[in-house]
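J.: See coords-v1.txt below, with compact mmCIF, C-alpha atoms and all ligand atoms.
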# COMPACT_ATOMS: atom_id res chain seq x y z
CA MET A 16 26.05 -8.67 44.61
CA LYS A 17 29.68 -7.84 45.08
CA SER A 18 30.51 -4.79 47.10
CA GLY A 19 33.67 -2.79 46.48
CA LYS A 20 36.58 -3.31 48.81
CA ALA A 21 37.85 0.25 48.71
CA THR A 22 36.78 2.19 51.77
CA LYS A 23 37.32 5.90 51.95
CA SER A 24 37.02 7.95 55.10
CA VAL A 25 36.27 11.61 55.01
CA SER A 26 35.77 14.29 57.62
CA VAL A 27 33.60 17.36 57.31
CA GLY A 28 35.44 20.41 56.08
CA LYS A 29 38.34 18.57 54.48
CA LYS A 30 39.48 20.31 51.32
CA SER A 31 40.31 16.97 49.75
CA ASP A 32 36.69 15.84 50.05
CA LYS A 33 35.90 14.02 46.84
CA ILE A 34 32.84 12.14 47.91
CA PHE A 35 30.47 14.96 46.94
CA GLU A 36 28.71 14.69 43.61
CA ALA A 37 25.66 16.89 43.03
CA GLY A 38 22.54 15.04 41.95
CA THR A 39 23.33 11.84 43.84
CA ILE A 40 20.28 9.69 44.51
CA GLY A 41 19.98 8.05 47.91
CA VAL A 42 18.33 4.80 48.94
CA ILE A 43 17.75 3.82 52.57
CA GLY A 44 17.10 0.12 52.98
CA GLY A 45 15.12 -1.20 55.92
CA VAL A 46 14.25 -4.73 57.06
CA GLY A 47 15.27 -7.17 54.33
CA LEU A 48 17.19 -4.66 52.17
CA TYR A 49 20.85 -4.33 53.10
CA GLU A 50 22.33 -3.66 49.67
CA MET A 51 21.08 -2.43 46.32
CA PRO A 52 21.06 -4.78 43.35
CA GLY A 53 21.73 -3.25 39.94
CA LEU A 54 24.45 -0.92 41.23
CA SER A 55 27.70 -0.93 39.28
CA ASP A 56 31.17 0.51 40.06
CA ILE A 57 30.44 0.17 43.76
CA ARG A 58 32.69 1.50 46.44
CA GLU A 59 32.15 1.74 50.17
CA VAL A 60 32.32 5.25 51.53
CA LYS A 61 32.71 5.72 55.25
CA VAL A 62 31.44 9.14 56.25
CA LYS A 63 32.01 11.04 59.47
CA THR A 64 29.57 13.75 60.42
CA PRO A 65 29.33 16.31 63.26
CA PHE A 66 26.49 14.15 64.57
CA GLY A 67 28.49 10.95 64.73
CA GLU A 68 28.63 7.96 62.45
CA PRO A 69 25.89 6.79 60.09
CA SER A 70 24.43 3.31 60.49
CA ASP A 71 26.95 1.81 58.05
CA PRO A 72 29.36 2.79 55.28
CA PHE A 73 27.47 4.00 52.20
CA LEU A 74 27.56 1.80 49.10
CA VAL A 75 28.06 4.28 46.28
CA GLY A 76 27.79 3.29 42.63
CA ARG A 77 26.00 3.92 39.35
CA MET A 78 22.54 2.98 38.21
CA GLY A 79 20.85 4.05 34.97
CA GLY A 80 23.58 6.61 34.36
CA ARG A 81 23.03 8.26 37.76
CA ARG A 82 25.10 8.13 40.89
CA LEU A 83 23.35 6.26 43.69
CA ALA A 84 24.25 5.96 47.38
CA PHE A 85 22.76 3.16 49.44
CA LEU A 86 22.61 3.00 53.22
CA ALA A 87 21.35 0.11 55.33
CA ARG A 88 19.22 1.88 57.94
CA HIS A 89 19.84 -0.73 60.63
CA GLY A 90 23.39 -1.49 59.45
CA ARG A 91 24.27 -4.59 57.48
CA GLY A 92 23.48 -7.57 59.67
CA HIS A 93 20.60 -5.56 61.16
CA ARG A 94 22.39 -4.46 64.33
CA ILE A 95 20.70 -1.17 65.25
CA PRO A 96 17.17 -0.97 66.71
CA PRO A 97 14.88 1.85 65.48
CA GLY A 98 15.32 4.00 68.59
CA ASP A 99 19.12 3.87 68.38
CA ILE A 100 19.52 4.76 64.70
CA ASN A 101 21.60 7.90 64.31
CA PHE A 102 19.14 9.54 61.91
CA ARG A 103 21.00 12.87 61.90
CA ALA A 104 24.29 11.22 60.94
CA ASN A 105 22.53 9.20 58.24
CA ILE A 106 20.86 12.18 56.57
CA PHE A 107 23.89 14.46 57.05
CA GLY A 108 26.02 11.71 55.50
CA PHE A 109 23.76 11.66 52.45
CA LYS A 110 24.09 15.45 52.24
CA LEU A 111 27.89 15.18 52.27
CA LEU A 112 27.68 12.81 49.31
CA GLY A 113 25.67 15.37 47.32
CA THR A 114 22.37 13.51 47.67
CA GLU A 115 19.33 15.46 46.46
CA ARG A 116 16.70 12.74 46.67
CA ILE A 117 16.21 9.80 49.05
CA PHE A 118 14.07 6.74 48.43
CA SER A 119 13.19 5.10 51.72
CA VAL A 120 12.36 1.41 51.60
CA SER A 121 10.42 0.37 54.68
CA ALA A 122 8.43 -2.53 56.08
CA VAL A 123 5.09 -1.46 57.53
CA GLY A 124 2.01 -2.97 59.09
CA SER A 125 -1.41 -2.30 57.57
CA MET A 126 -3.98 -0.41 59.63
CA ARG A 127 -6.78 -0.80 57.09
CA GLU A 128 -8.59 -3.86 55.82
CA GLU A 129 -8.16 -2.86 52.17
CA ILE A 130 -4.37 -2.57 52.46
CA HIS A 131 -3.20 -6.16 52.15
CA PRO A 132 0.12 -7.76 53.10
CA GLY A 133 2.21 -7.73 49.92
CA ASP A 134 0.79 -4.35 48.81
CA ILE A 135 2.92 -1.25 48.28
CA VAL A 136 1.90 2.03 49.94
CA LEU A 137 3.34 5.43 49.05
CA PRO A 138 2.62 7.39 52.24
CA ASP A 139 2.02 11.10 51.73
CA GLN A 140 1.72 11.92 55.43
CA PHE A 141 3.40 10.95 58.68
CA PHE A 142 2.23 11.06 62.29
CA ASP A 143 4.68 11.01 65.19
CA ARG A 144 4.42 8.60 68.10
CA THR A 145 8.16 8.32 68.78
CA ALA A 146 9.45 9.22 72.21
CA ALA A 147 12.89 10.79 72.32
CA ARG A 148 14.64 10.94 68.98
CA PRO A 149 16.71 13.89 67.82
CA ARG A 150 14.41 15.79 65.46
CA THR A 151 16.49 18.60 64.04
CA PHE A 152 19.88 19.81 62.83
CA PHE A 153 19.04 23.26 64.23
CA SER A 154 19.16 22.66 67.94
CA ARG A 155 21.96 24.88 69.17
CA GLU A 156 22.45 28.60 68.55
CA ILE A 157 20.59 28.49 65.27
CA VAL A 158 16.84 28.23 64.91
CA ALA A 159 14.98 27.15 61.78
CA HIS A 160 11.34 26.27 61.16
CA VAL A 161 10.91 24.42 57.88
CA ALA A 162 7.47 23.70 56.46
CA LEU A 163 6.48 20.05 56.81
CA ALA A 164 2.82 20.13 55.82
CA HIS A 165 3.66 17.93 52.84
CA PRO A 166 6.63 15.85 54.01
CA VAL A 167 6.95 13.69 50.88
CA CYS A 168 8.37 14.93 47.59
CA PRO A 169 5.45 15.10 45.15
CA VAL A 170 7.72 14.61 42.13
CA MET A 171 9.29 11.40 43.46
CA ALA A 172 5.94 10.05 44.68
CA GLY A 173 4.33 10.70 41.30
CA ILE A 174 7.07 8.88 39.43
CA LEU A 175 7.03 5.94 41.86
CA ALA A 176 3.26 5.60 41.54
CA ARG A 177 3.41 5.60 37.76
CA VAL A 178 6.19 3.02 37.67
CA GLY A 179 4.46 0.74 40.20
CA GLU A 180 1.14 0.89 38.38
CA GLU A 181 2.76 0.21 35.02
CA LYS A 182 4.26 -2.91 36.55
CA GLY A 183 0.81 -3.94 37.74
CA PHE A 184 1.59 -3.93 41.47
CA ARG A 185 -1.19 -3.51 44.03
CA LEU A 186 -0.35 0.00 45.08
CA HIS A 187 -1.88 2.73 47.26
CA ARG A 188 -0.88 6.21 46.12
CA GLN A 189 -1.60 7.85 49.48
CA GLY A 190 -1.69 7.05 53.15
CA THR A 191 -0.68 8.22 56.60
CA TYR A 192 2.28 6.43 58.18
CA ILE A 193 2.23 6.44 61.97
CA CYS A 194 5.76 6.23 63.33
CA ILE A 195 5.94 4.50 66.72
CA GLU A 196 8.96 4.27 69.00
CA GLY A 197 9.21 0.47 69.14
CA PRO A 198 11.08 -1.77 69.23
CA GLN A 199 8.02 -3.68 70.45
CA PHE A 200 5.00 -3.90 68.18
CA SER A 201 1.83 -2.11 69.35
CA THR A 202 -0.55 -3.25 72.04
CA ARG A 203 -4.05 -4.05 70.83
CA ALA A 204 -5.42 -0.87 72.48
CA GLU A 205 -2.81 1.27 70.74
CA SER A 206 -3.50 -0.38 67.41
CA ASP A 207 -7.27 0.17 67.78
CA ILE A 208 -6.77 3.83 68.69
CA TYR A 209 -4.36 4.48 65.81
CA ARG A 210 -7.01 3.05 63.48
CA GLN A 211 -9.57 5.49 64.88
CA TRP A 212 -7.12 8.28 64.09
CA GLY A 213 -7.38 7.28 60.45
CA VAL A 214 -3.81 6.16 59.81
CA SER A 215 -3.04 3.74 56.97
CA VAL A 216 0.22 2.02 57.92
CA ILE A 217 2.49 1.71 60.95
CA GLY A 218 6.29 1.69 61.16
CA MET A 219 9.17 2.75 63.41
CA THR A 220 11.63 4.80 61.38
CA ASN A 221 10.39 7.10 58.64
CA LEU A 222 9.36 10.30 60.37
CA PRO A 223 12.77 11.29 61.76
CA GLU A 224 14.19 10.72 58.28
CA ALA A 225 11.51 12.77 56.53
CA ARG A 226 11.97 15.67 58.97
CA LEU A 227 15.74 15.76 58.72
CA ALA A 228 15.74 15.29 54.95
CA ARG A 229 13.47 18.32 54.63
CA GLU A 230 15.82 20.39 56.84
CA ALA A 231 18.70 19.31 54.60
CA GLU A 232 16.65 20.21 51.49
CA ILE A 233 16.73 16.60 50.33
CA CYS A 234 13.60 15.21 48.64
CA TYR A 235 12.20 12.17 50.45
CA ALA A 236 9.71 9.49 49.41
CA THR A 237 8.86 6.16 50.98
CA VAL A 238 8.15 2.85 49.30
CA ALA A 239 6.33 1.07 52.11
CA MET A 240 5.98 -2.67 51.83
CA VAL A 241 3.07 -4.04 53.79
CA THR A 242 4.06 -7.14 55.71
CA ASP A 243 1.21 -7.71 58.17
CA TYR A 244 -1.97 -6.36 59.78
CA ASP A 245 -0.33 -5.12 63.00
CA CYS A 246 -2.44 -6.73 65.77
CA TRP A 247 -5.89 -5.22 65.29
CA ASN A 248 -7.18 -7.69 62.73
CA GLU A 249 -8.65 -10.61 64.68
CA ARG A 250 -8.75 -12.86 61.63
CA GLU A 251 -5.00 -12.50 61.18
CA GLY A 252 -3.90 -12.68 64.81
CA GLU A 253 -0.87 -10.98 66.32
CA VAL A 254 2.05 -9.74 64.28
CA GLU A 255 5.10 -11.99 64.53
CA ILE A 256 8.51 -11.07 63.18
CA GLU A 257 8.79 -14.40 61.30
CA ASP A 258 5.68 -13.52 59.27
CA VAL A 259 6.99 -10.00 58.66
CA ILE A 260 10.23 -11.34 57.23
CA LYS A 261 8.46 -13.98 55.13
CA VAL A 262 6.16 -11.43 53.45
CA MET A 263 9.03 -8.97 53.18
CA LYS A 264 11.11 -11.46 51.22
CA ALA A 265 8.21 -12.00 48.84
CA THR A 266 7.61 -8.24 48.41
CA ILE A 267 11.08 -6.69 48.43
CA GLY A 268 11.54 -7.31 44.69
CA LYS A 269 8.66 -4.92 43.94
CA ALA A 270 10.31 -2.09 45.88
CA LYS A 271 13.64 -2.66 44.13
CA GLU A 272 11.93 -2.71 40.72
CA MET A 273 10.06 0.50 41.49
CA ILE A 274 13.22 2.36 42.51
CA ALA A 275 15.23 1.07 39.55
CA GLY A 276 12.30 2.04 37.30
CA ALA A 277 11.93 5.49 38.85
CA VAL A 278 15.60 6.55 38.79
CA PRO A 279 15.83 7.23 35.01
CA HIS A 280 12.64 9.36 35.16
CA LEU A 281 13.87 11.74 37.87
CA PRO A 282 14.42 15.17 36.33
CA GLU A 283 17.99 16.47 36.65
CA ALA A 284 16.86 19.80 38.11
CA ARG A 285 14.56 20.13 41.09
CA ASN A 286 11.90 22.77 41.53
CA CYS A 287 9.82 21.08 44.26
CA VAL A 288 9.26 22.63 47.70
CA CYS A 289 11.79 20.26 49.28
CA SER A 290 14.66 21.75 47.30
CA GLN A 291 14.13 25.19 48.85
CA ALA A 292 12.94 24.26 52.31
CA LEU A 293 15.46 26.47 54.13
CA LYS A 294 14.70 29.59 52.16
CA ASP A 295 13.24 32.00 54.75
CA ALA A 296 13.15 29.19 57.39
CA ILE A 297 16.13 30.32 59.49
CA VAL A 298 14.96 32.91 61.98
CA THR A 299 18.25 33.51 63.77
CA ASP A 300 20.06 36.69 62.74
CA PRO A 301 23.01 35.44 60.63
CA LYS A 302 25.29 37.76 62.62
CA ALA A 303 24.25 35.96 65.81
CA ILE A 304 25.13 32.50 64.50
CA PRO A 305 28.61 31.51 65.77
CA ALA A 306 31.20 30.74 63.07
CA ARG A 307 31.68 27.19 64.42
CA VAL A 308 27.94 26.46 64.00
CA LYS A 309 28.05 27.82 60.45
CA LYS A 310 31.05 25.61 59.79
CA MET A 311 29.46 22.55 61.34
CA LEU A 312 26.28 22.92 59.30
CA ALA A 313 28.03 24.25 56.17
CA PRO A 314 26.87 21.41 53.87
CA ILE A 315 23.26 22.22 54.77
CA LEU A 316 23.58 26.01 54.95
CA LYS A 317 25.47 26.38 51.69
CA GLY A 318 23.61 28.90 49.57
CA VAL A 319 21.28 29.83 52.43
CA ILE A 320 23.60 31.68 54.83
CA LYS A 321 26.93 33.19 53.91
ZN ZN B 401 11.26 17.23 46.16
Show me this structure written as structure tokens.
T.:
Amino acid sequence: MKSGKATKSVSVGKKSDKIFEAGTIGVIGGVGLYEMPGLSDIREVKVKTPFGEPSDPFLVGRMGGRRLAFLARHGRGHRIPPGDINFRANIFGFKLLGTERIFSVSAVGSMREEIHPGDIVLPDQFFDRTAARPRTFFSREIVAHVALAHPVCPVMAGILARVGEEKGFRLHRQGTYICIEGPQFSTRAESDIYRQWGVSVIGMTNLPEARLAREAEICYATVAMVTDYDCWNEREGEVEIEDVIKVMKATIGKAKEMIAGAVPHLPEARNCVCSQALKDAIVTDPKAIPARVKKMLAPILKGVIK
């Protein structure tokens, strides 16, 4: 795939900001996915946010008549480990582009015998085992408590499931994704205990994204590609990164096909819970929120606080 040469920089609050287009669809690529095939009219957009720089410039183009923005979660060349990803800048950057829905493509380990390497899982729940990652946009002088009981957009998940099943992929419509800090894989004791907790798959990145996307009222759904059995399955032995990448290469095409297949089915208008997550969630008296905080968070607060 060719990527556009034109790079545009933009700062928050600039009147000349032309990168925003409502209804933009986002894709975050993980291990093995550093650009999005099928995108046309691509340009690179470098975005600055109040939370710093995203992992990489966004690749913005068209797919199926819709505008799509792609971001390599670890940066192209895979430079950024899970614990150092600037998740707030990534999600805020998507917001600045007008993104309303994000597809997250992620490599995961299986925590259940019946979930095989090469399968696709559409997690509907997440469980946090990260250590010290920024978790919110509302950390200074403004307090918000968004609902996160159902962290995945049901509309996106439903469309993805239908598309994947129509294509005949081995697919699991539900599952709990445990998000560990990494970058090391689990110890055997950890893996055994996570299994007792009833989780389905294990990864290192999705929960911070799901949380922040919800705060930014962006729909979020994960296409999880199963690459291995973590380390609990004695028949399979320990997880090695070479095996992960080998299975990933064989499976990545399914994730791309599912996203390309889902995009044309996304309704233009949203009426899911994600789209109104901030309604009634901000508990701080608007008069007590400093103007600079309102300005900093303006792309997220637009329509919620004057
Ligand atoms: Zn939604």
J.: Throw together the list of residues within 10 Å of ligand ZN 401 (chain B), counting all atoms listed in the file, and drop it here as number ranges by chain.
T.: A: 115-117, 166-172, 229, 232-236, 285-292
J.: With distances taken over all atoms listed in the file, which residue among A:Asp258, A:Asp295, A:Asp245, A:Glu253 lies nearest A:Ser125?
T.: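 The shortest atom-to-atom distance to A:Ser125 comes from A:Asp245.
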J.: What is the atom CA of A:Ile43-atom CA of A:Arg127 distance in Å, reported with one decimal?
T.: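 Computed distance, atom CA of A:Ile43 to atom CA of A:Arg127, equals 25.4 Å.
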J.: If you measure from atom CA of A:Ile135 to atom CA of A:Pro72, what distance in Å do you get, rounded to one decimal?
T.: 27.6 Å
J.: Quick check, in Å to one decimal: how far apart do atom CA of A:Lys309 and atom CA of A:Leu112 lie?
T.: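 According to the coordinates, atom CA of A:Lys309 and atom CA of A:Leu112 are separated by 18.7 Å.
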J.: If I put a ball of radius 12 Å at (16.3, 20.2, 67.2) in the file's coordinates, which residues poke into it when counting all atoms listed in the file, written as a PyMOL selection string?
T.: chain A and resi 103+147-161+223+226-227+230
J.: Using only C-alpha atoms, which of the listed residues (A:Ile320, A:Val75, A:Ile57, A:Val42) sits closest to A:Ala87?
T.: A:Val42
J.: Which residue, A:Tyr244, A:Trp212, A:Tyr192, A:Phe118, has the smallest gap to A:Leu83 when you use only C-alpha atoms?
T.: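 Looking only at the distances to A:Leu83, the closest residue turns out to be A:Phe118.
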J.: Can you tell me which residues surround A:Thr242 at a distance of at most 9 Å, considering all atoms listed in the file, apart from same-chain residues fewer than 4 positions away, and format the answer as a PyMOL selection string?
T.: chain A and resi 122-125+131-134+258-263+266
J.: Skipping near chain neighbours, those fewer than 2 positions away, what residues fall within 9 Å of A:Ser55 using all atoms listed in the file, listed as an mmCIF file with C-alpha atoms, in the frame of the given file?
T.:
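The resulting file, part_18.cif, is shown below:
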data_model
loop_
_atom_site.group_PDB
_atom_site.id
_atom_site.type_symbol
_atom_site.label_atom_id
_atom_site.label_comp_id
_atom_site.auth_asym_id
_atom_site.auth_seq_id
_atom_site.Cartn_x
_atom_site.Cartn_y
_atom_site.Cartn_z
ATOM 1 C CA PRO A 52 21.060 -4.780 43.350
ATOM 2 C CA GLY A 53 21.730 -3.250 39.940
ATOM 3 C CA ILE A 57 30.440 0.170 43.760
ATOM 4 C CA VAL A 75 28.060 4.280 46.280
ATOM 5 C CA GLY A 76 27.790 3.290 42.630
ATOM 6 C CA ARG A 77 26.000 3.920 39.350
ATOM 7 C CA MET A 78 22.540 2.980 38.210
#
J.: A:Gly213: which residues within 8 Å, counting only C-alpha atoms, same-chain residues fewer than 3 positions away excluded, as an MDAnalysis selection string?
T.: chainID A and resid 191 209:210
J.: Go ahead and find all residues with at least one atom no further than 12 Å from (18.1, 10.4, 61.2) in the file's coordinates, using only C-alpha atoms; report them as a VMD selection string.
T.: chain A and resid 43 64 66 to 70 86 88 to 89 97 to 110 119 148 to 152 219 to 231
J.: Using all atoms listed in the file for the distances, tell me which of A:Leu316, A:Ala37, A:Ile274, A:Met311 is nearest to A:Leu54.
T.: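 Among the listed residues, the smallest separation from A:Leu54 belongs to A:Ile274.
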J.: Measuring between only C-alpha atoms, which one of A:Pro305, A:Gly47, A:Gly173, A:Pro138 shows the shortest distance to A:Cys194?
T.: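 Distance minimum relative to A:Cys194 lands on A:Pro138.
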J.: Centre and edge lengths, as JSON, for the axis-aligned box enclosing every listed atom of stretch 253-270 of chain A with 8 Å of padding on each of the six sides, in Å to one decimal?
T.:
{"center_x": 5.3, "center_y": -8.2, "center_z": 55.1, "size_x": 28.4, "size_y": 28.3, "size_z": 38.4}
J.: Nearest to A:Leu175: which of A:Leu293, A:Ile304, A:Val136, A:Ile193 is it, counting only C-alpha atoms?
T.: A:Val136
